[in-house]
Amino acid sequence: MSDNSYKLCHRCATAITNDDYSAFDFDNAEKAKEKAIDFVEKAGLIVIDVDETDLRGSCDACGEDIDGPGHTAEPQ
Ligand SMILES: [Zn+2]
């Protein structure tokens with residue numbers, strides 16, 4: 001994990017990987033969905049680690065607390 005890598009919660013990592021944000025609609029998380037989509041537009045191409053890592057802090061995409069299993073992502 002390098003210094004400029006991103007921390008992503010499981011929901012964001014899955015949504016970004018599959019380009020499917022329906023999980024946010026299911027959770028009624030409209031704000032988080034907007035933030036995640038905004039993050040993807042700004043970050044550009046990223047590669048998300050398929051393996052989960054224990055992370056602390058907030059998700060770089062949706063801004064919600066992770067404090068548990070999440071995914072790291074590397075900018076390309
Ligand atoms: Zn997230």
# chains A, B, ... in the order shown; residues from 1 in each chain; ligands from 1
>>> residues_around(residues="Val40 (chain A)", least_positions_apart="4", cutoff="10 Å", atoms="only C-alpha atoms", output="ChimeraX atom specification")
/A:12,16,35-36,44-46,61
>>> select_by_dssp(residues="chain A", states="strand (DSSP E or B)", output="PyMOL selection string")
chain A and resi 6-9+46-48+53-55+58+65+68-75
>>> select_by_dssp(residues="chain A", states="helix (DSSP H, G or I)", output="list of chain:residue names")
A:His10, A:Arg11, A:Cys12, A:Ala13, A:Thr14, A:Ala15, A:Ile16, A:Thr17, A:Asn18, A:Ser22, A:Ala23, A:Phe24, A:Asp25, A:Phe26, A:Glu30, A:Lys31, A:Ala32, A:Lys33, A:Glu34, A:Lys35, A:Ala36, A:Ile37, A:Asp38, A:Phe39, A:Val40, A:Glu41, A:Lys42, A:Ala43
>>> closest_atom_pairs(of="chain A", to="ligand 1", cutoff="8 Å", atoms="only C-alpha atoms and all ligand atoms", output="JSON lines")
{"residue": "A:Leu8", "atom": "CA", "partner": "ligand 1", "partner_atom_place_in_ligand_line": "1 (Zn)", "distance": 5.3}
{"residue": "A:Cys9", "atom": "CA", "partner": "ligand 1", "partner_atom_place_in_ligand_line": "1 (Zn)", "distance": 4.2}
{"residue": "A:His10", "atom": "CA", "partner": "ligand 1", "partner_atom_place_in_ligand_line": "1 (Zn)", "distance": 6.7}
{"residue": "A:Arg11", "atom": "CA", "partner": "ligand 1", "partner_atom_place_in_ligand_line": "1 (Zn)", "distance": 5.8}
{"residue": "A:Cys12", "atom": "CA", "partner": "ligand 1", "partner_atom_place_in_ligand_line": "1 (Zn)", "distance": 4.3}
{"residue": "A:Ala13", "atom": "CA", "partner": "ligand 1", "partner_atom_place_in_ligand_line": "1 (Zn)", "distance": 7.1}
{"residue": "A:Ala32", "atom": "CA", "partner": "ligand 1", "partner_atom_place_in_ligand_line": "1 (Zn)", "distance": 7.2}
{"residue": "A:Ala36", "atom": "CA", "partner": "ligand 1", "partner_atom_place_in_ligand_line": "1 (Zn)", "distance": 6.6}
{"residue": "A:Ser58", "atom": "CA", "partner": "ligand 1", "partner_atom_place_in_ligand_line": "1 (Zn)", "distance": 7.8}
{"residue": "A:Cys59", "atom": "CA", "partner": "ligand 1", "partner_atom_place_in_ligand_line": "1 (Zn)", "distance": 4.6}
{"residue": "A:Asp60", "atom": "CA", "partner": "ligand 1", "partner_atom_place_in_ligand_line": "1 (Zn)", "distance": 6.6}
{"residue": "A:Ala61", "atom": "CA", "partner": "ligand 1", "partner_atom_place_in_ligand_line": "1 (Zn)", "distance": 5.0}
{"residue": "A:Cys62", "atom": "CA", "partner": "ligand 1", "partner_atom_place_in_ligand_line": "1 (Zn)", "distance": 4.1}
{"residue": "A:Gly63", "atom": "CA", "partner": "ligand 1", "partner_atom_place_in_ligand_line": "1 (Zn)", "distance": 6.0}
{"residue": "A:Glu64", "atom": "CA", "partner": "ligand 1", "partner_atom_place_in_ligand_line": "1 (Zn)", "distance": 5.9}
{"residue": "A:Asp65", "atom": "CA", "partner": "ligand 1", "partner_atom_place_in_ligand_line": "1 (Zn)", "distance": 7.9}
{"residue": "A:Ile66", "atom": "CA", "partner": "ligand 1", "partner_atom_place_in_ligand_line": "1 (Zn)", "distance": 7.6}
>>> write_last_selection(atoms="C-alpha atoms", output="PDB file, in the first residue's frame")
ATOM      1  CA  LEU A   8     -12.466   2.224  -0.084  1.00  0.00           C
ATOM      2  CA  CYS A   9     -15.297   0.664   1.875  1.00  0.00           C
ATOM      3  CA  HIS A  10     -16.664  -2.624   0.645  1.00  0.00           C
ATOM      4  CA  ARG A  11     -19.767  -1.037  -0.851  1.00  0.00           C
ATOM      5  CA  CYS A  12     -17.783   1.492  -2.888  1.00  0.00           C
ATOM      6  CA  ALA A  13     -15.193  -1.043  -4.000  1.00  0.00           C
ATOM      7  CA  ALA A  32     -22.887   8.528  -0.434  1.00  0.00           C
ATOM      8  CA  ALA A  36     -18.677   7.849  -4.774  1.00  0.00           C
ATOM      9  CA  SER A  58     -13.126   6.997   6.312  1.00  0.00           C
ATOM     10  CA  CYS A  59     -13.754   5.793   2.797  1.00  0.00           C
ATOM     11  CA  ASP A  60     -12.079   8.046   0.221  1.00  0.00           C
ATOM     12  CA  ALA A  61     -15.071   7.669  -2.060  1.00  0.00           C
ATOM     13  CA  CYS A  62     -18.274   7.962  -0.020  1.00  0.00           C
ATOM     14  CA  GLY A  63     -16.714   9.444   3.128  1.00  0.00           C
ATOM     15  CA  GLU A  64     -18.342   6.988   5.511  1.00  0.00           C
ATOM     16  CA  ASP A  65     -16.396   5.300   8.292  1.00  0.00           C
ATOM     17  CA  ILE A  66     -14.766   2.017   7.383  1.00  0.00           C
TER      18      ILE A  66
END
>>> closest_residue(among="A:Pro69, A:Asp49, A:Ile37, A:Glu74", to="Ala15 (chain A)", atoms="only C-alpha atoms")
A:Ile37
>>> closest_residue(among="A:Arg56, A:Lys31, A:Gln76, A:Ser22", to="Asn4 (chain A)", atoms="only C-alpha atoms")
A:Gln76
>>> residues_around(residues="Thr53 (chain A)", least_positions_apart="2", cutoff="6 Å", atoms="only C-alpha atoms", output="list of chain:residue names")
A:Leu55, A:Pro69, A:Gly70, A:His71
>>> closest_residue(among="A:Lys33, A:Thr72, A:Asp19, A:Asp38", to="Val50 (chain A)", atoms="only C-alpha atoms")
A:Thr72
>>> decode(residues="region 14-46 of chain A", atoms="N, CA and C atoms", output="short mmCIF file (atom, residue, chain, number, x, y, z; two decimals), in the first residue's frame")
data_model
loop_
_atom_site.label_atom_id
_atom_site.label_comp_id
_atom_site.auth_asym_id
_atom_site.auth_seq_id
_atom_site.Cartn_x
_atom_site.Cartn_y
_atom_site.Cartn_z
N THR A 14 -17.08 -2.48 -4.45
CA THR A 14 -17.92 -3.35 -5.28
C THR A 14 -18.62 -2.54 -6.37
N ALA A 15 -19.15 -1.38 -5.98
CA ALA A 15 -19.88 -0.54 -6.94
C ALA A 15 -18.96 -0.07 -8.06
N ILE A 16 -17.76 0.39 -7.68
CA ILE A 16 -16.83 0.92 -8.68
C ILE A 16 -16.34 -0.21 -9.59
N THR A 17 -16.01 -1.35 -8.99
CA THR A 17 -15.53 -2.48 -9.78
C THR A 17 -16.56 -2.91 -10.82
N ASN A 18 -17.81 -2.98 -10.40
CA ASN A 18 -18.86 -3.48 -11.30
C ASN A 18 -19.57 -2.36 -12.06
N ASP A 19 -19.20 -1.11 -11.77
CA ASP A 19 -19.90 0.05 -12.34
C ASP A 19 -21.40 -0.11 -12.12
N ASP A 20 -21.74 -0.51 -10.92
CA ASP A 20 -23.14 -0.73 -10.55
C ASP A 20 -23.37 -0.14 -9.16
N TYR A 21 -24.10 0.96 -9.12
CA TYR A 21 -24.28 1.69 -7.86
C TYR A 21 -25.64 1.42 -7.23
N SER A 22 -26.27 0.34 -7.61
CA SER A 22 -27.61 0.05 -7.10
C SER A 22 -27.62 -0.26 -5.60
N ALA A 23 -26.46 -0.69 -5.06
CA ALA A 23 -26.40 -0.99 -3.63
C ALA A 23 -26.68 0.27 -2.81
N PHE A 24 -26.30 1.43 -3.35
CA PHE A 24 -26.56 2.69 -2.64
C PHE A 24 -28.04 3.00 -2.63
N ASP A 25 -28.71 2.72 -3.74
CA ASP A 25 -30.15 2.94 -3.80
C ASP A 25 -30.86 2.03 -2.80
N PHE A 26 -30.38 0.80 -2.73
CA PHE A 26 -30.96 -0.19 -1.82
C PHE A 26 -30.83 0.28 -0.38
N ASP A 27 -29.67 0.93 -0.06
CA ASP A 27 -29.42 1.41 1.30
C ASP A 27 -29.99 2.81 1.53
N ASN A 28 -30.62 3.37 0.49
CA ASN A 28 -31.13 4.74 0.60
C ASN A 28 -30.01 5.73 0.90
N ALA A 29 -28.86 5.49 0.30
CA ALA A 29 -27.67 6.30 0.58
C ALA A 29 -27.35 7.19 -0.62
N GLU A 30 -28.26 8.10 -0.92
CA GLU A 30 -28.12 8.94 -2.10
C GLU A 30 -26.88 9.83 -2.04
N LYS A 31 -26.63 10.44 -0.87
CA LYS A 31 -25.46 11.31 -0.70
C LYS A 31 -24.17 10.53 -0.91
N ALA A 32 -24.08 9.36 -0.31
CA ALA A 32 -22.89 8.53 -0.43
C ALA A 32 -22.68 8.11 -1.88
N LYS A 33 -23.77 7.85 -2.57
CA LYS A 33 -23.70 7.46 -3.98
C LYS A 33 -23.13 8.61 -4.82
N GLU A 34 -23.64 9.82 -4.58
CA GLU A 34 -23.14 10.99 -5.31
C GLU A 34 -21.65 11.18 -5.07
N LYS A 35 -21.23 11.05 -3.81
CA LYS A 35 -19.82 11.22 -3.47
C LYS A 35 -18.97 10.16 -4.16
N ALA A 36 -19.44 8.94 -4.17
CA ALA A 36 -18.68 7.85 -4.77
C ALA A 36 -18.50 8.08 -6.28
N ILE A 37 -19.57 8.50 -6.94
CA ILE A 37 -19.50 8.75 -8.38
C ILE A 37 -18.58 9.94 -8.66
N ASP A 38 -18.66 10.95 -7.81
CA ASP A 38 -17.79 12.12 -7.92
C ASP A 38 -16.32 11.71 -7.76
N PHE A 39 -16.08 10.83 -6.78
CA PHE A 39 -14.72 10.34 -6.54
C PHE A 39 -14.16 9.64 -7.77
N VAL A 40 -14.96 8.81 -8.39
CA VAL A 40 -14.52 8.06 -9.57
C VAL A 40 -14.16 9.01 -10.71
N GLU A 41 -14.97 10.05 -10.88
CA GLU A 41 -14.69 11.02 -11.94
C GLU A 41 -13.37 11.75 -11.69
N LYS A 42 -13.11 12.08 -10.43
CA LYS A 42 -11.89 12.81 -10.10
C LYS A 42 -10.67 11.91 -10.10
N ALA A 43 -10.82 10.70 -9.59
CA ALA A 43 -9.68 9.79 -9.43
C ALA A 43 -9.24 9.22 -10.78
N GLY A 44 -10.15 9.13 -11.72
CA GLY A 44 -9.82 8.54 -13.00
C GLY A 44 -9.64 7.04 -12.88
N LEU A 45 -8.67 6.51 -13.60
CA LEU A 45 -8.47 5.07 -13.61
C LEU A 45 -7.78 4.62 -12.32
N ILE A 46 -8.42 3.72 -11.60
CA ILE A 46 -7.80 3.16 -10.39
C ILE A 46 -7.90 1.64 -10.46
#
